[in-house]
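Structure file data-v3.csv (CSV, C-alpha atoms) is printed below.
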chain,number,residue,atom,x,y,z
A,1,MET,CA,-8.3,-12.0,-36.4
A,2,TYR,CA,-5.6,-10.4,-34.2
A,3,THR,CA,-4.8,-7.7,-36.7
A,4,SER,CA,-6.5,-5.9,-39.7
A,5,ILE,CA,-5.9,-5.9,-43.4
A,6,PRO,CA,-5.2,-2.1,-43.4
A,7,ARG,CA,-2.5,-2.7,-40.7
A,8,VAL,CA,-0.7,-5.3,-42.8
A,9,ARG,CA,-1.0,-3.1,-45.9
A,10,THR,CA,0.7,-0.3,-44.0
A,11,LEU,CA,3.4,-2.5,-42.7
A,12,THR,CA,4.2,-4.1,-46.1
A,13,SER,CA,3.4,-1.2,-48.4
A,14,PHE,CA,1.1,-3.5,-50.4
A,15,THR,CA,-1.3,-0.7,-50.8
A,16,ASP,CA,-2.7,-1.5,-54.2
A,17,SER,CA,-5.7,-3.8,-53.6
A,18,SER,CA,-5.8,-4.7,-57.3
A,19,GLN,CA,-2.4,-6.2,-57.2
A,20,MET,CA,-2.6,-7.6,-53.6
A,21,PRO,CA,-6.3,-8.5,-53.0
A,22,ASP,CA,-7.7,-8.4,-49.5
A,23,GLU,CA,-8.3,-12.2,-49.6
A,24,ASN,CA,-4.6,-12.9,-49.9
A,25,ILE,CA,-3.8,-10.7,-46.9
A,26,ALA,CA,-6.7,-12.2,-44.9
A,27,GLY,CA,-5.4,-15.7,-45.5
A,28,LYS,CA,-1.9,-14.8,-44.2
A,29,ILE,CA,-3.5,-13.1,-41.2
A,30,ARG,CA,-5.3,-16.3,-40.4
A,31,ILE,CA,-2.1,-18.3,-40.6
A,32,ALA,CA,-0.3,-15.8,-38.5
A,33,GLY,CA,-3.1,-16.0,-35.9
A,34,ALA,CA,-2.8,-19.7,-35.8
A,35,MET,CA,1.0,-19.5,-35.3
A,36,ILE,CA,0.4,-17.0,-32.4
A,37,ASP,CA,-2.1,-19.3,-30.8
A,38,SER,CA,0.2,-22.3,-31.1
A,39,ALA,CA,3.1,-20.2,-29.5
A,40,ILE,CA,1.2,-18.9,-26.5
A,41,GLY,CA,-1.4,-21.6,-25.9
A,42,TYR,CA,0.6,-23.2,-23.1
A,43,THR,CA,1.3,-19.8,-21.6
A,44,TYR,CA,-1.9,-17.9,-21.7
A,45,VAL,CA,-5.6,-18.7,-21.7
A,46,LEU,CA,-7.1,-19.0,-25.2
A,47,PRO,CA,-9.1,-17.5,-26.8
A,48,LEU,CA,-7.5,-14.2,-25.9
A,49,LYS,CA,-9.9,-11.6,-24.5
A,50,PHE,CA,-10.3,-8.4,-26.5
A,51,ARG,CA,-11.8,-5.0,-26.0
A,52,TYR,CA,-13.6,-2.8,-28.5
A,53,GLY,CA,-12.2,0.4,-29.8
A,54,ASN,CA,-13.5,3.2,-32.0
A,55,THR,CA,-12.3,6.5,-33.2
A,56,ILE,CA,-13.5,10.1,-33.5
A,57,VAL,CA,-11.5,12.4,-35.9
A,58,PHE,CA,-12.5,16.0,-35.1
A,59,THR,CA,-12.2,18.4,-38.0
A,60,GLY,CA,-12.7,22.1,-38.8
A,61,GLU,CA,-12.1,25.5,-37.3
A,62,ALA,CA,-14.6,27.1,-35.0
A,63,THR,CA,-16.5,30.1,-36.3
A,64,GLY,CA,-18.1,31.0,-33.1
A,65,ALA,CA,-19.2,29.9,-29.7
A,66,ALA,CA,-21.6,26.9,-29.2
A,67,THR,CA,-21.9,23.6,-27.5
A,68,MET,CA,-21.2,20.3,-29.4
A,69,ALA,CA,-23.1,17.4,-27.9
A,70,VAL,CA,-21.1,14.2,-28.5
A,71,VAL,CA,-23.0,11.0,-27.6
A,72,VAL,CA,-21.2,7.9,-26.7
A,73,ASN,CA,-23.1,4.9,-25.4
A,74,THR,CA,-26.2,7.0,-24.8
A,75,VAL,CA,-24.3,9.5,-22.6
A,76,THR,CA,-24.0,13.0,-23.9
A,77,TYR,CA,-20.7,14.9,-23.4
A,78,ASP,CA,-21.1,18.6,-23.9
A,79,ILE,CA,-18.1,20.4,-25.4
A,80,ALA,CA,-18.1,24.2,-25.1
A,81,ILE,CA,-16.7,25.5,-28.3
A,82,VAL,CA,-15.2,29.0,-28.5
A,83,ALA,CA,-14.2,30.9,-31.6
A,84,THR,CA,-10.5,30.1,-31.3
A,85,ASP,CA,-11.0,26.3,-31.2
A,86,ASN,CA,-9.6,23.9,-33.7
A,87,ALA,CA,-9.7,20.1,-34.1
A,88,SER,CA,-6.9,19.5,-31.7
A,89,SER,CA,-8.4,21.7,-28.9
A,90,ILE,CA,-11.8,20.1,-29.4
A,91,ALA,CA,-10.2,16.7,-29.0
A,92,ASP,CA,-8.6,17.9,-25.7
A,93,LYS,CA,-12.0,19.2,-24.5
A,94,PHE,CA,-13.7,15.9,-25.3
A,95,ARG,CA,-10.9,14.0,-23.5
A,96,ILE,CA,-11.5,16.1,-20.4
A,97,ALA,CA,-15.3,15.8,-20.7
A,98,ALA,CA,-15.1,12.0,-21.0
A,99,GLY,CA,-12.3,11.5,-18.6
A,100,ASN,CA,-14.5,10.1,-15.9
A,101,SER,CA,-16.4,7.7,-18.1
A,102,ALA,CA,-17.2,4.4,-16.5
A,103,ASP,CA,-17.5,2.8,-20.0
A,104,PHE,CA,-14.4,3.7,-21.9
A,105,LEU,CA,-11.0,5.5,-21.8
A,106,VAL,CA,-9.6,7.9,-24.3
A,107,ASP,CA,-6.0,7.8,-25.5
A,108,ASP,CA,-3.6,10.7,-25.4
A,109,LEU,CA,-3.0,10.8,-29.2
B,1,MET,CA,-8.7,10.0,-31.0
B,2,LEU,CA,-9.1,6.4,-29.9
B,3,ILE,CA,-11.8,5.3,-27.5
B,4,ILE,CA,-11.2,1.9,-25.8
B,5,SER,CA,-13.9,0.0,-23.8
B,6,LEU,CA,-13.1,-0.6,-20.2
B,7,ALA,CA,-15.0,-3.9,-20.3
B,8,ASP,CA,-13.4,-6.8,-22.1
B,9,SER,CA,-14.9,-9.6,-24.1
B,10,ALA,CA,-15.8,-11.5,-20.9
B,11,THR,CA,-18.8,-9.1,-21.0
B,12,THR,CA,-19.0,-8.7,-24.7
B,13,ALA,CA,-22.4,-7.1,-25.0
B,14,GLU,CA,-21.5,-4.3,-22.7
B,15,ALA,CA,-18.1,-3.8,-24.3
B,16,TYR,CA,-19.7,-3.5,-27.6
B,17,ALA,CA,-22.0,-0.8,-26.4
B,18,ASP,CA,-19.3,1.1,-24.6
B,19,VAL,CA,-17.7,2.5,-27.7
B,20,ASN,CA,-21.0,3.1,-29.5
B,21,ILE,CA,-20.5,6.7,-30.7
B,22,THR,CA,-23.8,7.8,-32.1
B,23,SER,CA,-23.5,11.6,-32.5
B,24,VAL,CA,-20.7,14.1,-33.3
B,25,PRO,CA,-22.8,16.9,-34.7
B,26,ALA,CA,-21.4,19.6,-36.9
B,27,THR,CA,-21.3,22.8,-34.7
B,28,VAL,CA,-20.1,26.3,-35.7
B,29,GLY,CA,-17.6,25.0,-38.2
B,30,MET,CA,-16.4,22.0,-36.2
B,31,GLY,CA,-17.3,18.4,-36.9
B,32,GLY,CA,-16.1,14.9,-36.5
B,33,THR,CA,-16.0,11.6,-38.2
B,34,ILE,CA,-16.9,8.4,-36.4
B,35,GLY,CA,-14.7,5.5,-37.1
B,36,LYS,CA,-15.4,1.8,-37.4
B,37,ARG,CA,-15.8,-0.2,-34.2
B,38,LEU,CA,-13.0,-2.8,-34.0
B,39,LYS,CA,-11.8,-5.6,-31.7
B,40,ARG,CA,-8.6,-4.7,-29.9
B,41,TYR,CA,-6.3,-7.5,-28.8
B,42,PRO,CA,-3.1,-6.9,-26.8
B,43,LEU,CA,-0.9,-4.7,-28.9
B,44,VAL,CA,2.1,-7.0,-28.8
B,45,ILE,CA,-0.1,-9.8,-30.3
B,46,GLU,CA,-1.5,-7.4,-32.9
B,47,GLN,CA,2.0,-6.4,-33.9
B,48,TYR,CA,3.5,-9.9,-34.1
B,49,THR,CA,0.5,-11.1,-36.1
B,50,ALA,CA,0.9,-8.3,-38.6
B,51,GLU,CA,4.7,-9.0,-38.8
B,52,ILE,CA,4.1,-12.7,-39.5
B,53,ALA,CA,1.4,-12.0,-42.1
B,54,GLY,CA,3.8,-9.5,-43.7
B,55,ALA,CA,6.7,-11.9,-43.7
B,56,LEU,CA,4.5,-14.6,-45.3
B,57,LEU,CA,3.4,-12.1,-48.0
B,58,PHE,CA,7.0,-11.1,-48.8
B,59,ILE,CA,8.0,-14.8,-49.0
B,60,ASP,CA,5.2,-15.4,-51.5
B,61,GLN,CA,5.9,-12.3,-53.5
B,62,TYR,CA,9.7,-12.0,-53.6
B,63,GLY,CA,11.1,-15.3,-52.3
B,64,VAL,CA,14.9,-15.4,-51.9
B,65,GLU,CA,15.4,-12.5,-54.4
B,66,SER,CA,14.7,-10.1,-51.6
B,67,GLN,CA,17.5,-11.3,-49.4
B,68,ASN,CA,19.1,-8.5,-47.3
B,69,THR,CA,16.5,-6.0,-48.3
B,70,GLY,CA,13.5,-4.6,-46.4
B,71,LYS,CA,11.3,-7.1,-48.2
B,72,ASP,CA,13.3,-10.1,-46.9
B,73,GLY,CA,10.5,-12.4,-45.8
B,74,PRO,CA,12.6,-15.2,-44.3
B,75,THR,CA,14.7,-12.8,-42.2
B,76,ARG,CA,11.6,-11.1,-41.0
B,77,MET,CA,10.1,-14.4,-40.1
B,78,ASP,CA,13.3,-15.4,-38.2
B,79,ILE,CA,13.0,-12.2,-36.1
B,80,VAL,CA,9.4,-12.8,-35.3
B,81,ASN,CA,10.1,-16.4,-34.4
B,82,GLU,CA,12.6,-15.2,-31.9
B,83,SER,CA,9.9,-12.9,-30.4
B,84,LEU,CA,7.5,-15.8,-30.2
B,85,GLN,CA,10.1,-17.8,-28.3
B,86,LYS,CA,10.4,-15.0,-25.9
B,87,LEU,CA,6.6,-15.0,-25.5
B,88,GLN,CA,6.9,-18.7,-24.6
B,89,GLY,CA,9.8,-18.1,-22.3
B,90,VAL,CA,12.0,-20.6,-24.2
B,91,HIS,CA,14.4,-18.2,-25.9
B,92,GLU,CA,18.1,-19.0,-25.4
B,93,SER,CA,18.6,-15.5,-23.9
B,94,LYS,CA,16.1,-16.5,-21.1
B,95,GLN,CA,14.2,-13.3,-21.8
B,96,ARG,CA,10.5,-13.5,-21.6
B,97,ILE,CA,8.0,-11.1,-23.1
B,98,LYS,CA,4.8,-10.8,-21.1
B,99,ILE,CA,1.5,-9.9,-22.7
B,100,MET,CA,-0.1,-7.1,-20.8
B,101,ASP,CA,-3.7,-5.9,-20.8
B,102,GLU,CA,-4.0,-2.6,-22.6
B,103,VAL,CA,-6.3,-1.0,-20.0
B,104,THR,CA,-5.3,-2.7,-16.7
B,105,LYS,CA,-1.6,-2.9,-17.5
B,106,ILE,CA,-1.3,-6.3,-15.8
B,107,GLU,CA,-0.4,-9.6,-17.4
B,108,ILE,CA,-3.3,-11.4,-19.1
B,109,ALA,CA,-4.6,-14.7,-17.6
B,110,ALA,CA,-2.1,-17.5,-17.6
B,111,SER,CA,-2.8,-21.0,-18.8
B,112,SER,CA,-2.7,-23.8,-16.3
B,113,SER,CA,-2.1,-26.4,-19.0
B,114,ASP,CA,1.5,-27.1,-17.9
B,115,ALA,CA,1.2,-26.3,-14.3
B,116,VAL,CA,2.0,-28.7,-11.5
B,117,THR,CA,-1.4,-30.2,-10.5
B,118,SER,CA,-0.3,-31.8,-7.2
B,119,TYR,CA,2.8,-31.5,-5.0
B,120,PRO,CA,4.6,-34.2,-3.0
B,121,ASN,CA,3.9,-34.3,0.7
B,122,GLU,CA,4.8,-36.5,3.6
B,123,ALA,CA,2.5,-39.2,2.3
B,124,SER,CA,4.0,-39.1,-1.1
B,125,ASP,CA,5.6,-42.2,-2.3
B,126,ASP,CA,7.2,-43.4,-5.5
B,127,ASP,CA,5.4,-46.7,-5.2
B,128,ALA,CA,2.5,-46.5,-7.7
B,129,THR,CA,0.5,-49.1,-5.7
B,130,ASP,CA,0.6,-46.9,-2.5
B,131,PRO,CA,-2.9,-45.5,-2.2
B,132,THR,CA,-1.6,-42.5,-0.2
B,133,SER,CA,0.7,-41.3,-3.0
B,134,PRO,CA,0.3,-38.6,-4.9
B,135,PHE,CA,3.3,-38.1,-7.1
B,136,ALA,CA,4.0,-34.7,-8.6
B,137,TYR,CA,1.8,-34.7,-11.6
B,138,MET,CA,2.1,-32.4,-14.5
B,139,ASN,CA,-0.1,-32.1,-17.5
B,140,LYS,CA,2.8,-32.3,-19.8
B,141,ASP,CA,4.6,-35.0,-21.9
B,142,PHE,CA,8.4,-35.3,-21.6
When written as structure tokens, how does the structure in this file appear?
Amino acid sequence: MYTSIPRVRTLTSFTDSSQMPDENIAGKIRIAGAMIDSAIGYTYVLPLKFRYGNTIVFTGEATGAATMAVVVNTVTYDIAIVATDNASSIADKFRIAAGNSADFLVDDL
Amino acid sequence: MLIISLADSATTAEAYADVNITSVPATVGMGGTIGKRLKRYPLVIEQYTAEIAGALLFIDQYGVESQNTGKDGPTRMDIVNESLQKLQGVHESKQRIKIMDEVTKIEIAASSSDAVTSYPNEASDDDATDPTSPFAYMNKDF
């Protein structure tokens, strides 16, 4: 499927899964995907290639200095935490530490 | 923070591993939550798919009662259809939306389904019995 059920729920505000079950949305996503394929099939090679994505949401306020070892794809990225760090600054430090990864890129958000 | 694999599904196994986050340990008050690994298609495709699915749901739920409101499914579908025509390059405005790769920022692979498969040359003839012809052939019905 080209999109996700949570994405459609956000877009439509159908947030109550008891009134709008996942199966209903999944069915519409399948129809939508078929329409997309029909529209672009003569223009682009199908099936479309995809990439994998994942997220890390950093939380908390640092209480001291230490090193956080984040492991992605068996590679350890050491993040030097200082007492003034917060979630945003830790995310920045991870972005810098992982900036040269040959496996993945990190967005700016 | 979003992590996107540099490899695409042409090398699926590697791409799957590339965003395999295994440890974000709690450290001096800081921690992190690892998300769910998801497939990422070109964002314009993801957006149009969500828009179409949403329009279909609005049509099912509200029908014509929602005309000229934010839940107007038919109007939303009309807008998306225009976008699909631009993706195909057949919109009356002649505008064309290209699908770009999220990482490489270049257009994704084009289909050759309606490409010209041979071109006329000096030996070309419009006589179908001439063994030296080729005509200009296209994989397309007119």
Counting all atoms listed in the file, which residues of stretch 15-131 of chain B fall within 8 Å of stretch 56-79 of chain A, and what is the closest atom pair for each with its distance in Å at one decimal, ordered by chain and rising number, as a Markdown table?
| residue | atom | partner | partner_atom | distance |
| --- | --- | --- | --- | --- |
| B:Ala17 | CA | A:Asn73 | CA | 5.9 |
| B:Asp18 | CA | A:Asn73 | CA | 5.4 |
| B:Val19 | CA | A:Asn73 | CA | 6.3 |
| B:Asn20 | CA | A:Asn73 | CA | 4.9 |
| B:Ile21 | CA | A:Val72 | CA | 4.2 |
| B:Thr22 | CA | A:Val71 | CA | 5.6 |
| B:Ser23 | CA | A:Val71 | CA | 5.0 |
| B:Val24 | CA | A:Val70 | CA | 4.8 |
| B:Pro25 | CA | A:Met68 | CA | 6.5 |
| B:Ala26 | CA | A:Met68 | CA | 7.5 |
| B:Thr27 | CA | A:Met68 | CA | 5.9 |
| B:Val28 | CA | A:Thr63 | CA | 5.3 |
| B:Gly29 | CA | A:Ala62 | CA | 4.9 |
| B:Met30 | CA | A:Gly60 | CA | 4.5 |
| B:Gly31 | CA | A:Thr59 | CA | 5.2 |
| B:Gly32 | CA | A:Phe58 | CA | 4.0 |
| B:Thr33 | CA | A:Val57 | CA | 5.1 |
| B:Ile34 | CA | A:Ile56 | CA | 4.8 |
| B:Gly35 | CA | A:Ile56 | CA | 6.0 |
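Our summary of the geometry notes that atom CA of B:Ala50 is positioned 20.2 Å from atom CA of A:Ser18.
Picture a line from atom CA of A:Asn86 to atom CA of B:Met1; it runs 14.2 Å.
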request  = Go through B:Asn68, B:Lys39, B:Asn81, B:Glu92 and flag the residue nearest chain A, using only C-alpha atoms for the distances.
outcome  = B:Lys39
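In this model, the gap between atom CA of A:Phe104 and atom CA of B:Thr104 comes to 12.3 Å.
Nearest-residue note for chain A: choosing from B:Met77, B:Ala13, B:Leu2, B:Ile106, the minimum distance belongs to B:Leu2, counting only C-alpha atoms.
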ask   = A:Asp22: which residues within 12 Å, counting all atoms listed in the file, same-chain residues fewer than 2 positions away excluded, as JSON, numbers by chain?
value = {"A": [4, 5, 6, 7, 8, 9, 14, 15, 16, 17, 18, 19, 20, 24, 25, 26, 27, 28, 29], "B": [57]}
All residues 10 Å or closer to B:Gln61, only C-alpha atoms, same chain fewer than 4 positions away omitted, as a compact mmCIF listing (two decimals) with C-alpha atoms, in the coordinates of the input:
# COMPACT_ATOMS: atom_id res chain seq x y z
CA MET A 20 -2.60 -7.60 -53.60
CA ALA B 55 6.70 -11.90 -43.70
CA LEU B 56 4.50 -14.60 -45.30
CA LEU B 57 3.40 -12.10 -48.00
CA GLU B 65 15.40 -12.50 -54.40
CA SER B 66 14.70 -10.10 -51.60
CA LYS B 71 11.30 -7.10 -48.20
CA GLY B 73 10.50 -12.40 -45.80
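Distances from A:Met35, A:Ser101, A:Asp92, A:Val106 to chain B were compared using all atoms listed in the file, and the smallest one belongs to A:Val106.
Near B:His91, within 10 Å and counting only C-alpha atoms, sit Asn81, Glu82, Ser83, Leu84, Gln85 and Ile97 of chain B; same-chain residues fewer than 6 positions away were not included.
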ask   = Neighbours of stretch 42-52 of chain A within 9 Å (all atoms listed in the file; same-chain residues fewer than 5 positions away dropped), as a PyMOL selection string?
value = (chain A and resi 37) or (chain B and resi 3-10+12+15-19+37-42+87-89+99+102+108-114)
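Restricting the calculation to all atoms listed in the file, the smallest distance between A:Thr12 and any of B:Asp78, B:Glu107, B:Asp60, B:Glu51 is found for B:Glu51.
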Can you report as lines of an AutoDock Vina configuration file the centre and edge lengths in Å, to one decimal, of an axis-aligned box around the listed atoms of stretch 27-43 of chain B padded with 8 Å on each side?
center_x = -11.1
center_y = 9.4
center_z = -32.5
size_x = 36.4
size_y = 49.8
size_z = 27.4
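Restricting the calculation to all atoms listed in the file, the smallest distance between chain B and any of A:Val82, A:Arg30, A:Gly53, A:Met1 is found for A:Gly53.
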ask   = Using only C-alpha atoms, which of the listed residues (A:Asp103, A:Ser89, A:Pro21, A:Ala80) sits closest to chain B?
value = A:Asp103
